[in-house]
file query-v6.pdb (PDB, C-alpha atoms and all ligand atoms)
ATOM      1  CA  MET E 643       0.000   0.000   0.000
ATOM      2  CA  PRO E 644       1.755   3.246  -1.099
ATOM      3  CA  ALA E 645       2.509   5.574   1.793
ATOM      4  CA  ASP E 646       0.852   8.483  -0.002
ATOM      5  CA  THR E 647      -2.537   6.770  -0.222
ATOM      6  CA  SER E 648      -4.845   8.980   1.835
ATOM      7  CA  ASN E 649      -6.740   7.679   4.830
ATOM      8  CA  ALA E 650      -9.964   8.520   3.016
ATOM      9  CA  ASP E 651      -8.923   6.289   0.096
ATOM     10  CA  LEU E 652      -8.046   3.483   2.469
ATOM     11  CA  VAL E 653     -11.456   3.786   4.117
ATOM     12  CA  ARG E 654     -13.184   3.524   0.716
ATOM     13  CA  ARG E 655     -11.090   0.492  -0.234
ATOM     14  CA  ALA E 656     -11.704  -1.208   3.095
ATOM     15  CA  ASN E 657     -15.428  -0.610   2.718
ATOM     16  CA  ALA E 658     -15.215  -2.173  -0.741
ATOM     17  CA  GLY E 659     -13.815  -5.334   0.864
ATOM     18  CA  ASP E 660     -10.030  -4.793   0.822
ATOM     19  CA  PHE E 661      -8.557  -6.159   4.059
ATOM     20  CA  ASN E 662      -5.082  -4.818   3.258
ATOM     21  CA  ALA E 663      -6.501  -1.294   3.333
ATOM     22  CA  LEU E 664      -7.986  -1.960   6.757
ATOM     23  CA  GLU E 665      -4.658  -3.256   8.023
ATOM     24  CA  GLU E 666      -2.875  -0.225   6.672
ATOM     25  CA  LEU E 667      -5.305   2.066   8.507
ATOM     26  CA  THR E 668      -4.552   0.127  11.661
ATOM     27  CA  THR E 669      -0.793   0.259  11.176
ATOM     28  CA  ARG E 670      -0.927   4.010  10.595
ATOM     29  CA  HIS E 671      -2.857   4.709  13.778
ATOM     30  CA  GLU E 672      -2.018   1.994  16.299
ATOM     31  CA  LYS E 673       0.904   3.864  17.888
ATOM     32  CA  GLN E 674      -1.169   6.987  18.322
ATOM     33  CA  VAL E 675      -4.072   5.071  19.870
ATOM     34  CA  TYR E 676      -1.787   3.075  22.160
ATOM     35  CA  SER E 677       0.058   6.215  23.291
ATOM     36  CA  LEU E 678      -3.208   7.982  24.051
ATOM     37  CA  ALA E 679      -4.497   5.007  26.032
ATOM     38  CA  LEU E 680      -1.268   4.606  27.988
ATOM     39  CA  ARG E 681      -1.140   8.297  28.787
ATOM     40  CA  MET E 682      -4.724   8.278  30.000
ATOM     41  CA  LEU E 683      -4.654   4.960  31.860
ATOM     42  CA  ARG E 684      -0.998   4.402  32.832
ATOM     43  CA  HIS E 685      -1.608   0.681  32.772
ATOM     44  CA  ARG E 686      -0.309  -1.502  29.983
ATOM     45  CA  GLN E 687      -2.997  -4.195  30.030
ATOM     46  CA  ASP E 688      -5.818  -1.651  30.154
ATOM     47  CA  ALA E 689      -4.206   0.299  27.335
ATOM     48  CA  GLU E 690      -3.939  -2.828  25.195
ATOM     49  CA  ASP E 691      -7.632  -3.567  25.832
ATOM     50  CA  VAL E 692      -8.524  -0.067  24.691
ATOM     51  CA  VAL E 693      -6.456  -0.434  21.519
ATOM     52  CA  GLN E 694      -8.124  -3.733  20.677
ATOM     53  CA  GLN E 695     -11.613  -2.364  21.375
ATOM     54  CA  THR E 696     -10.901   0.718  19.287
ATOM     55  CA  PHE E 697      -9.827  -1.168  16.180
ATOM     56  CA  LEU E 698     -12.536  -3.809  16.465
ATOM     57  CA  SER E 699     -15.015  -0.972  16.761
ATOM     58  CA  MET E 700     -13.437   0.527  13.640
ATOM     59  CA  VAL E 701     -14.146  -2.717  11.742
ATOM     60  CA  GLU E 702     -17.749  -2.661  12.957
ATOM     61  CA  HIS E 703     -18.493   0.968  12.178
ATOM     62  CA  LEU E 704     -16.287   1.851   9.230
ATOM     63  CA  SER E 705     -19.144   1.526   6.756
ATOM     64  CA  GLY E 706     -20.977   4.221   8.734
ATOM     65  CA  PHE E 707     -18.026   6.631   8.678
ATOM     66  CA  ARG E 708     -19.216   9.706   6.792
ATOM     67  CA  GLU E 709     -16.058  11.743   6.162
ATOM     68  CA  GLU E 710     -17.499  14.817   7.884
ATOM     69  CA  SER E 711     -14.465  14.682  10.132
ATOM     70  CA  SER E 712     -11.101  13.212   9.304
ATOM     71  CA  PHE E 713     -10.693   9.499   9.810
ATOM     72  CA  THR E 714      -7.985  10.104  12.414
ATOM     73  CA  THR E 715     -10.255  12.402  14.432
ATOM     74  CA  TRP E 716     -13.060   9.871  14.230
ATOM     75  CA  LEU E 717     -10.839   7.006  15.353
ATOM     76  CA  MET E 718      -9.196   8.953  18.181
ATOM     77  CA  ARG E 719     -12.639   9.866  19.446
ATOM     78  CA  ILE E 720     -13.535   6.176  19.656
ATOM     79  CA  ALA E 721     -10.273   5.528  21.500
ATOM     80  CA  THR E 722     -10.816   8.427  23.918
ATOM     81  CA  HIS E 723     -14.269   7.203  24.842
ATOM     82  CA  ALA E 724     -13.049   3.632  25.278
ATOM     83  CA  ALA E 725     -10.340   4.846  27.674
ATOM     84  CA  LEU E 726     -12.782   7.049  29.595
ATOM     85  CA  LYS E 727     -15.045   4.059  30.052
ATOM     86  CA  VAL E 728     -12.202   2.211  31.765
ATOM     87  CA  ILE E 729     -11.566   5.200  34.024
ATOM     88  CA  ARG E 730     -15.239   5.457  34.966
ATOM     89  CA  LYS E 731     -15.272   1.791  35.789
ATOM     90  CA  ARG E 732     -12.216   2.201  38.007
ATOM     91  CA  ARG E 733     -13.735   4.777  40.310
ATOM     92  CA  GLY E 734     -17.172   5.991  41.269
ATOM     93  CA  LEU E 735     -18.420   9.157  39.652
ATOM     94  CA  ASP E 736     -19.400  10.524  43.074
ATOM     95  CA  THR E 737     -15.870  11.292  44.176
ATOM     96  CA  ILE E 738     -15.293  13.167  40.942
ATOM     97  CA  SER E 739     -18.325  15.397  41.229
ATOM     98  CA  LEU E 740     -17.612  16.243  44.878
ATOM     99  CA  GLU E 741     -14.123  17.255  43.929
ATOM    100  CA  ALA E 742     -15.412  19.277  41.005
ATOM    101  CA  ALA E 743     -17.985  21.038  43.167
ATOM    102  CA  ALA E 744     -15.289  22.119  45.625
ATOM    103  CA  GLU E 745     -13.195  23.385  42.739
ATOM    104  CA  ALA E 746     -16.035  25.388  41.224
ATOM    105  CA  ALA E 747     -16.757  26.921  44.627
ATOM    106  CA  GLY E 748     -13.191  28.191  44.674
ATOM    107  CA  GLN E 749     -12.072  25.842  47.443
ATOM    108  CA  GLY E 750      -9.411  24.335  45.240
ATOM    109  CA  GLU E 751      -5.795  25.264  45.752
ATOM    110  CA  SER E 752      -4.743  28.603  44.313
ATOM    111  CA  ILE E 753      -2.989  28.821  40.964
ATOM    112  CA  PRO E 754       0.726  28.155  41.449
ATOM    113  CA  HIS E 755       2.998  30.921  40.202
ATOM    114  CA  PRO E 756       5.707  30.115  37.677
ATOM    115  CA  GLU E 757       9.041  29.672  39.457
ATOM    116  CA  PHE E 758      11.641  28.598  36.926
ATOM    117  CA  ILE E 759      11.333  31.021  34.015
ATOM    118  CA  ALA E 760      13.852  30.701  31.194
ATOM    119  CA  ASP E 761      14.022  30.363  27.427
ATOM    120  CA  TRP E 762      14.382  26.794  26.259
ATOM    121  CA  ARG E 763      17.777  25.840  24.886
ATOM    122  CA  GLU E 764      16.160  24.321  21.812
ATOM    123  CA  ALA E 765      12.935  24.782  19.881
ATOM    124  CA  PRO E 766      10.303  22.017  20.137
ATOM    125  CA  HIS E 767      10.850  20.812  16.560
ATOM    126  CA  GLU E 768      14.578  20.333  17.266
ATOM    127  CA  LEU E 769      13.826  18.446  20.469
ATOM    128  CA  ILE E 770      11.339  16.249  18.641
ATOM    129  CA  ALA E 771      13.782  15.573  15.804
ATOM    130  CA  ARG E 772      16.404  14.332  18.277
ATOM    131  CA  GLY E 773      13.823  12.175  20.011
ATOM    132  CA  GLU E 774      15.362  12.576  23.465
ATOM    133  CA  THR E 775      12.466  14.168  25.268
ATOM    134  CA  GLY E 776      10.055  11.234  25.210
ATOM    135  CA  GLN E 777      10.747  10.025  28.748
ATOM    136  CA  LEU E 778      10.853  13.553  30.140
ATOM    137  CA  LEU E 779       7.385  14.280  28.725
ATOM    138  CA  GLU E 780       5.866  11.084  30.073
ATOM    139  CA  ASP E 781       7.484  11.504  33.510
ATOM    140  CA  ALA E 782       6.151  15.048  33.783
ATOM    141  CA  LEU E 783       2.686  13.911  32.710
ATOM    142  CA  ASN E 784       2.735  11.068  35.208
ATOM    143  CA  ARG E 785       3.501  13.467  38.028
ATOM    144  CA  LEU E 786       0.205  15.295  37.455
ATOM    145  CA  ASP E 787      -2.925  14.288  39.331
ATOM    146  CA  GLU E 788      -5.231  12.259  37.148
ATOM    147  CA  LYS E 789      -7.816  15.073  37.087
ATOM    148  CA  HIS E 790      -5.277  17.484  35.621
ATOM    149  CA  ARG E 791      -3.675  14.929  33.346
ATOM    150  CA  LEU E 792      -6.945  13.905  31.688
ATOM    151  CA  VAL E 793      -8.017  17.453  30.966
ATOM    152  CA  PHE E 794      -4.620  18.274  29.448
ATOM    153  CA  ILE E 795      -4.640  15.149  27.270
ATOM    154  CA  LEU E 796      -8.161  15.677  25.958
ATOM    155  CA  ARG E 797      -7.925  19.416  25.424
ATOM    156  CA  ASP E 798      -4.306  20.029  24.434
ATOM    157  CA  VAL E 799      -3.135  16.710  23.015
ATOM    158  CA  GLN E 800      -6.346  15.440  21.398
ATOM    159  CA  GLY E 801      -7.555  18.919  20.546
ATOM    160  CA  LEU E 802     -11.075  18.627  21.964
ATOM    161  CA  SER E 803     -12.752  21.946  22.722
ATOM    162  CA  VAL E 804     -13.306  23.052  26.321
ATOM    163  CA  ARG E 805     -16.972  22.139  25.940
ATOM    164  CA  GLU E 806     -16.216  18.689  24.507
ATOM    165  CA  THR E 807     -13.677  18.032  27.249
ATOM    166  CA  ALA E 808     -16.241  19.036  29.868
ATOM    167  CA  GLN E 809     -18.820  16.695  28.343
ATOM    168  CA  ALA E 810     -16.392  13.792  28.075
ATOM    169  CA  LEU E 811     -15.357  14.092  31.727
ATOM    170  CA  ALA E 812     -18.766  15.095  33.129
ATOM    171  CA  LEU E 813     -17.373  18.409  34.373
ATOM    172  CA  THR E 814     -18.419  22.014  33.997
ATOM    173  CA  GLU E 815     -16.492  24.167  31.537
ATOM    174  CA  ALA E 816     -15.270  26.226  34.508
ATOM    175  CA  ASN E 817     -13.763  23.077  36.052
ATOM    176  CA  VAL E 818     -12.056  22.227  32.795
ATOM    177  CA  LYS E 819     -10.517  25.693  32.542
ATOM    178  CA  VAL E 820      -9.155  25.628  36.087
ATOM    179  CA  ARG E 821      -7.686  22.171  35.652
ATOM    180  CA  LEU E 822      -6.236  22.989  32.259
ATOM    181  CA  LEU E 823      -4.459  26.054  33.601
ATOM    182  CA  ARG E 824      -2.965  24.104  36.481
ATOM    183  CA  ALA E 825      -1.872  21.294  34.178
ATOM    184  CA  ARG E 826      -0.270  23.653  31.679
ATOM    185  CA  LEU E 827       1.576  25.550  34.390
ATOM    186  CA  ALA E 828       2.767  22.383  36.114
ATOM    187  CA  LEU E 829       4.047  20.837  32.890
ATOM    188  CA  ARG E 830       5.681  24.094  31.846
ATOM    189  CA  GLU E 831       7.440  24.259  35.174
ATOM    190  CA  GLN E 832       8.758  20.700  34.987
ATOM    191  CA  LEU E 833       9.864  20.855  31.369
ATOM    192  CA  THR E 834      11.503  24.260  31.756
ATOM    193  CA  ARG E 835      13.549  23.062  34.732
ATOM    194  CA  VAL E 836      15.122  20.525  32.374
ATOM    195  CA  LEU E 837      14.965  22.247  28.997
ATOM    196  CA  GLY E 838      15.413  25.862  30.118
ATOM    197  CA  ASP E 839      18.707  27.654  29.596
ATOM    198  CA  PRO E 840      19.849  28.791  33.091
ATOM    199  CA  ALA E 841      21.747  31.679  31.498
ATOM    200  CA  THR E 842      18.435  33.227  30.437
ATOM    201  CA  ARG E 843      16.673  32.593  33.722
ATOM    202  CA  LEU E 844      14.446  35.424  34.958
ATOM    203  CA  GLU E 845      13.108  36.216  38.399
ATOM    204  CA  PRO E 846       9.576  34.936  38.951
ATOM    205  CA  HIS E 847       6.564  37.174  39.483
ATOM    206  CA  ARG E 848       6.436  38.840  42.880
ATOM    207  CA  HIS E 849       3.307  40.535  44.101
TER
ATOM    208  CA  MET G1139      11.020  42.237  36.915
ATOM    209  CA  ALA G1140       9.179  45.106  35.263
ATOM    210  CA  GLN G1141       6.681  46.908  37.425
ATOM    211  CA  ASN G1142       4.536  48.532  34.740
ATOM    212  CA  GLN G1143       5.833  51.900  35.881
ATOM    213  CA  GLN G1144       3.723  54.038  33.565
ATOM    214  CA  HIS G1145       0.332  52.392  33.166
ATOM    215  CA  ASP G1146      -0.710  50.211  35.996
ATOM    216  CA  THR G1147      -3.054  48.341  33.690
ATOM    217  CA  MET G1148      -2.617  44.617  34.183
ATOM    218  CA  LYS G1149      -0.665  42.764  36.847
ATOM    219  CA  CYS G1150       1.235  39.515  36.304
ATOM    220  CA  GLU G1151      -1.310  37.913  38.602
ATOM    221  CA  GLU G1152      -4.228  38.902  36.364
ATOM    222  CA  LEU G1153      -2.313  37.803  33.318
ATOM    223  CA  LEU G1154      -1.990  34.345  34.836
ATOM    224  CA  THR G1155      -5.775  34.016  35.100
ATOM    225  CA  LEU G1156      -6.165  34.910  31.397
ATOM    226  CA  LEU G1157      -3.369  32.663  30.210
ATOM    227  CA  ASN G1158      -5.609  29.892  28.838
ATOM    228  CA  GLU G1159      -7.763  32.257  26.826
ATOM    229  CA  TYR G1160      -4.723  34.055  25.452
ATOM    230  CA  VAL G1161      -2.860  30.890  24.457
ATOM    231  CA  ASP G1162      -6.034  29.454  22.890
ATOM    232  CA  GLY G1163      -6.786  32.701  21.056
ATOM    233  CA  THR G1164     -10.214  33.024  22.665
ATOM    234  CA  VAL G1165      -9.530  36.124  24.732
ATOM    235  CA  ASP G1166     -11.616  39.235  24.153
ATOM    236  CA  PRO G1167      -9.761  41.562  21.685
ATOM    237  CA  ALA G1168      -9.625  44.497  24.099
ATOM    238  CA  ILE G1169      -8.184  42.329  26.847
ATOM    239  CA  CYS G1170      -5.832  40.735  24.334
ATOM    240  CA  ALA G1171      -4.334  44.155  23.574
ATOM    241  CA  GLU G1172      -3.817  44.799  27.292
ATOM    242  CA  PHE G1173      -2.288  41.363  27.694
ATOM    243  CA  GLU G1174       0.188  42.040  24.929
ATOM    244  CA  GLN G1175       0.990  45.473  26.260
ATOM    245  CA  HIS G1176       1.837  43.902  29.597
ATOM    246  CA  MET G1177       4.109  41.341  27.941
ATOM    247  CA  THR G1178       6.023  44.036  26.069
ATOM    248  CA  GLY G1179       7.043  45.436  29.418
ATOM    249  CA  CYS G1180       7.312  42.164  31.320
ATOM    250  CA  ASN G1181       9.803  39.651  30.009
ATOM    251  CA  PRO G1182       9.002  36.873  32.523
ATOM    252  CA  CYS G1183       5.360  36.789  31.441
ATOM    253  CA  GLN G1184       6.420  36.692  27.787
ATOM    254  CA  VAL G1185       8.718  33.747  28.476
ATOM    255  CA  VAL G1186       6.055  31.871  30.451
ATOM    256  CA  VAL G1187       3.626  32.229  27.533
ATOM    257  CA  ASP G1188       6.316  30.985  25.105
ATOM    258  CA  ASN G1189       7.149  28.052  27.393
ATOM    259  CA  ILE G1190       3.503  27.014  27.595
ATOM    260  CA  ARG G1191       3.077  27.106  23.832
ATOM    261  CA  GLN G1192       6.230  25.014  23.426
ATOM    262  CA  THR G1193       5.054  22.569  26.086
ATOM    263  CA  ILE G1194       1.757  22.018  24.283
ATOM    264  CA  SER G1195       3.400  21.540  20.899
ATOM    265  CA  LEU G1196       5.882  19.006  22.312
ATOM    266  CA  TYR G1197       3.065  16.915  23.753
ATOM    267  CA  ARG G1198       1.011  17.213  20.596
ATOM    268  CA  ALA G1199       3.876  15.888  18.476
ATOM    269  CA  GLY G1200       4.651  12.906  20.673
ATOM    270  CA  GLN G1201       3.337   9.398  20.065
ATOM    271  CA  PRO G1202       6.003   7.828  22.167
ATOM    272  CA  TRP G1203       4.875   4.281  22.739
ATOM    273  CA  GLU G1204       5.433   1.322  20.418
ATOM    274  CA  LEU G1205       3.016  -1.579  20.673
ATOM    275  CA  PRO G1206       4.609  -4.600  22.329
ATOM    276  CA  PRO G1207       5.236  -6.982  19.390
ATOM    277  CA  ASP G1208       3.274  -9.888  20.854
ATOM    278  CA  PHE G1209       0.303  -7.630  21.465
ATOM    279  CA  ARG G1210       0.530  -6.202  17.957
ATOM    280  CA  ALA G1211       0.426  -9.720  16.499
ATOM    281  CA  ARG G1212      -2.659 -10.569  18.586
ATOM    282  CA  LEU G1213      -4.356  -7.317  17.599
ATOM    283  CA  HIS G1214      -3.900  -7.904  13.890
ATOM    284  CA  ALA G1215      -5.044 -11.511  14.207
ATOM    285  CA  ALA G1216      -8.184 -10.365  16.036
ATOM    286  CA  LEU G1217      -8.889  -7.805  13.326
ATOM    287  CA  ARG G1218      -8.559 -10.418  10.600
ATOM    288  CA  GLU G1219     -10.902 -12.719  12.497
ATOM    289  CA  ARG G1220     -13.535 -10.012  13.009
ATOM    290  CA  TRP G1221     -13.207  -9.042   9.353
ATOM    291  CA  ARG G1222     -13.810 -12.637   8.241
ATOM    292  CA  GLN G1223     -16.901 -12.871  10.432
ATOM    293  CA  ARG G1224     -18.296  -9.711   8.936
ATOM    294  CA  GLN G1225     -17.543 -10.702   5.347
ATOM    295  CA  GLY G1226     -19.328 -13.989   6.046
ATOM    296  CA  GLN G1227     -22.516 -12.118   6.948
ATOM    297  CA  PRO G1228     -25.117 -11.655   4.203
TER
HETATM  298 ZN    ZN E1301       4.123  40.060  34.059
END

call {"tool": "encode", "arguments": {"input": "query-v6.pdb", "output": "structure tokens"}}
result
Amino acid sequence: MPADTSNADLVRRANAGDFNALEELTTRHEKQVYSLALRMLRHRQDAEDVVQQTFLSMVEHLSGFREESSFTTWLMRIATHAALKVIRKRRGLDTISLEAAAEAAGQGESIPHPEFIADWREAPHELIARGETGQLLEDALNRLDEKHRLVFILRDVQGLSVRETAQALALTEANVKVRLLRARLALREQLTRVLGDPATRLEPHRH
Amino acid sequence: MAQNQQHDTMKCEELLTLLNEYVDGTVDPAICAEFEQHMTGCNPCQVVVDNIRQTISLYRAGQPWELPPDFRARLHAALRERWRQRQGQP
């Protein structure tokens, strides 16, 4: 299957009965789905279950895929919901809504101020090209509370809107915004401590 | 740290609460102008905004995990099996 065959073409071929096209769609997306599931669930077996469910669901529903969104978006949505289902099963929804209510009422912790402020030594595309930041990113993500991690993954990594993220996690949009800000600041802090150039370090905000 | 000597318009603290909206481009245009005016005079805030944008783009680019080979083999076998079942249906 040529690498420049579009996903949309592969979908049409698969729907016309071409198994190779279906396998190619899987090969193109399996890493992305697995990475999403591992980041959300932090459990290898659960992540594998989500990957399997996602692609079996793709086989079931591909003929109903309508190309209003991109295939990748459609598939990642299936994967996100499969992973959320596992999370919901793991813990009762009650604890989540209590927590969220406290947050909305402003009883959550205050927003942490940036401490280590410095320009990064390298631009993101250079860091990505050298492939040395993978573990750093995952370690930083793993240090977040689950409630912050999930919001960051759905909103910033998967690109869901604030409203969609709120719906997916059964939160208010205000909750999502508070959590997103905390997640972004916490990750920025951790990454900048490693990637920041100490020579450019600036004093943090003082008020 | 700059103190906004001339116009005491927006404090770093306020900027922090508008950070999401600014980074996402959903901030009200009037507030956006104030935000940017603050950053012109406040290097730390400018750097924090840059850092956050870079953080997001690093995470967006990363698909760090390879499927364990044995799992990948099982996955593709399961797909083939499900495919066969479906092709067998009228
Ligand atoms: Zn400032």

call {"tool": "closest_residue", "arguments": {"input": "query-v6.pdb", "among": "G:Leu1213, G:Ile1190, G:Leu1154, G:Val1161", "to": "ligand ZN 1301 (chain E)", "atoms": "only C-alpha atoms and all ligand atoms"}}
result
G:Leu1154

call {"tool": "residues_near_ligand", "arguments": {"input": "query-v6.pdb", "ligand": "ligand ZN 1301 (chain E)", "cutoff": "8 Å", "atoms": "only C-alpha atoms and all ligand atoms", "output": "ChimeraX atom specification"}}
result
/E:847 /G:1139-1140,1149-1151,1153,1176-1177,1179-1184

call {"tool": "write_last_selection", "arguments": {"input": "query-v6.pdb", "atoms": "C-alpha atoms", "output": "JSON list (two decimals), keeping the file's coordinate frame"}}
result
[["chain", "number", "residue", "atom", "x", "y", "z"],
["E", 847, "HIS", "CA", 6.56, 37.17, 39.48],
["G", 1139, "MET", "CA", 11.02, 42.24, 36.92],
["G", 1140, "ALA", "CA", 9.18, 45.11, 35.26],
["G", 1149, "LYS", "CA", -0.66, 42.76, 36.85],
["G", 1150, "CYS", "CA", 1.24, 39.52, 36.30],
["G", 1151, "GLU", "CA", -1.31, 37.91, 38.60],
["G", 1153, "LEU", "CA", -2.31, 37.80, 33.32],
["G", 1176, "HIS", "CA", 1.84, 43.90, 29.60],
["G", 1177, "MET", "CA", 4.11, 41.34, 27.94],
["G", 1179, "GLY", "CA", 7.04, 45.44, 29.42],
["G", 1180, "CYS", "CA", 7.31, 42.16, 31.32],
["G", 1181, "ASN", "CA", 9.80, 39.65, 30.01],
["G", 1182, "PRO", "CA", 9.00, 36.87, 32.52],
["G", 1183, "CYS", "CA", 5.36, 36.79, 31.44],
["G", 1184, "GLN", "CA", 6.42, 36.69, 27.79]]

call {"tool": "resolve_selection", "arguments": {"input": "query-v6.pdb", "expression": "the PyMOL selection byres ((chain G) within 7 of (chain E and not hetatm))", "output": "PDB file with C-alpha atoms, in the frame of the given file"}}
result
ATOM      1  CA  MET G1139      11.020  42.237  36.915  1.00  0.00           C
ATOM      2  CA  CYS G1150       1.235  39.515  36.304  1.00  0.00           C
ATOM      3  CA  ASN G1158      -5.609  29.892  28.838  1.00  0.00           C
ATOM      4  CA  PRO G1182       9.002  36.873  32.523  1.00  0.00           C
ATOM      5  CA  VAL G1185       8.718  33.747  28.476  1.00  0.00           C
ATOM      6  CA  VAL G1186       6.055  31.871  30.451  1.00  0.00           C
ATOM      7  CA  ASN G1189       7.149  28.052  27.393  1.00  0.00           C
ATOM      8  CA  ILE G1190       3.503  27.014  27.595  1.00  0.00           C
ATOM      9  CA  GLN G1192       6.230  25.014  23.426  1.00  0.00           C
ATOM     10  CA  THR G1193       5.054  22.569  26.086  1.00  0.00           C
ATOM     11  CA  ILE G1194       1.757  22.018  24.283  1.00  0.00           C
ATOM     12  CA  SER G1195       3.400  21.540  20.899  1.00  0.00           C
ATOM     13  CA  LEU G1196       5.882  19.006  22.312  1.00  0.00           C
ATOM     14  CA  TYR G1197       3.065  16.915  23.753  1.00  0.00           C
ATOM     15  CA  ARG G1198       1.011  17.213  20.596  1.00  0.00           C
ATOM     16  CA  GLN G1201       3.337   9.398  20.065  1.00  0.00           C
ATOM     17  CA  PRO G1202       6.003   7.828  22.167  1.00  0.00           C
ATOM     18  CA  TRP G1203       4.875   4.281  22.739  1.00  0.00           C
ATOM     19  CA  GLU G1204       5.433   1.322  20.418  1.00  0.00           C
ATOM     20  CA  LEU G1205       3.016  -1.579  20.673  1.00  0.00           C
ATOM     21  CA  LEU G1213      -4.356  -7.317  17.599  1.00  0.00           C
ATOM     22  CA  LEU G1217      -8.889  -7.805  13.326  1.00  0.00           C
ATOM     23  CA  TRP G1221     -13.207  -9.042   9.353  1.00  0.00           C
TER      24      TRP G1221
END

call {"tool": "residues_around", "arguments": {"input": "query-v6.pdb", "residues": "segment 705-712 of chain E", "least_positions_apart": "2", "cutoff": "10 Å", "atoms": "all atoms listed in the file", "output": "PyMOL selection string"}}
result
chain E and resi 649-650+653-654+656-658+700-703+714-717

call {"tool": "write_last_selection", "arguments": {"input": "query-v6.pdb", "atoms": "C-alpha atoms", "output": "mmCIF file, in the frame of the given file"}}
result
data_model
loop_
_atom_site.group_PDB
_atom_site.id
_atom_site.type_symbol
_atom_site.label_atom_id
_atom_site.label_comp_id
_atom_site.auth_asym_id
_atom_site.auth_seq_id
_atom_site.Cartn_x
_atom_site.Cartn_y
_atom_site.Cartn_z
ATOM 1 C CA ASN E 649 -6.740 7.679 4.830
ATOM 2 C CA ALA E 650 -9.964 8.520 3.016
ATOM 3 C CA VAL E 653 -11.456 3.786 4.117
ATOM 4 C CA ARG E 654 -13.184 3.524 0.716
ATOM 5 C CA ALA E 656 -11.704 -1.208 3.095
ATOM 6 C CA ASN E 657 -15.428 -0.610 2.718
ATOM 7 C CA ALA E 658 -15.215 -2.173 -0.741
ATOM 8 C CA MET E 700 -13.437 0.527 13.640
ATOM 9 C CA VAL E 701 -14.146 -2.717 11.742
ATOM 10 C CA GLU E 702 -17.749 -2.661 12.957
ATOM 11 C CA HIS E 703 -18.493 0.968 12.178
ATOM 12 C CA THR E 714 -7.985 10.104 12.414
ATOM 13 C CA THR E 715 -10.255 12.402 14.432
ATOM 14 C CA TRP E 716 -13.060 9.871 14.230
ATOM 15 C CA LEU E 717 -10.839 7.006 15.353
#

call {"tool": "atom_distance", "arguments": {"input": "query-v6.pdb", "atom1": "atom CA of Pro1207 of chain G", "atom2": "atom CA of Arg670 of chain E"}}
result
15.4 Å

call {"tool": "atom_distance", "arguments": {"input": "query-v6.pdb", "atom1": "atom CA of Ala725 of chain E", "atom2": "atom CA of Leu683 of chain E"}}
result
7.1 Å

call {"tool": "resolve_selection", "arguments": {"input": "query-v6.pdb", "expression": "the PyMOL selection byres (((chain E and resi 805-811) around 12) and not hetatm)", "output": "PyMOL selection string"}}
result
chain E and resi 719-720+722-727+729-730+735+738-739+742+788-804+812-822

call {"tool": "residues_near_point", "arguments": {"input": "query-v6.pdb", "point": "(-7.4, 42.1, 27.5)", "cutoff": "12 Å", "atoms": "only C-alpha atoms", "output": "VMD selection string"}}
result
chain G and resid 1147 to 1149 1152 to 1157 1159 to 1160 1163 to 1177

call {"tool": "atom_distance", "arguments": {"input": "query-v6.pdb", "atom1": "atom CA of Ser648 of chain E", "atom2": "atom CA of Gly1226 of chain G"}}
result
27.5 Å
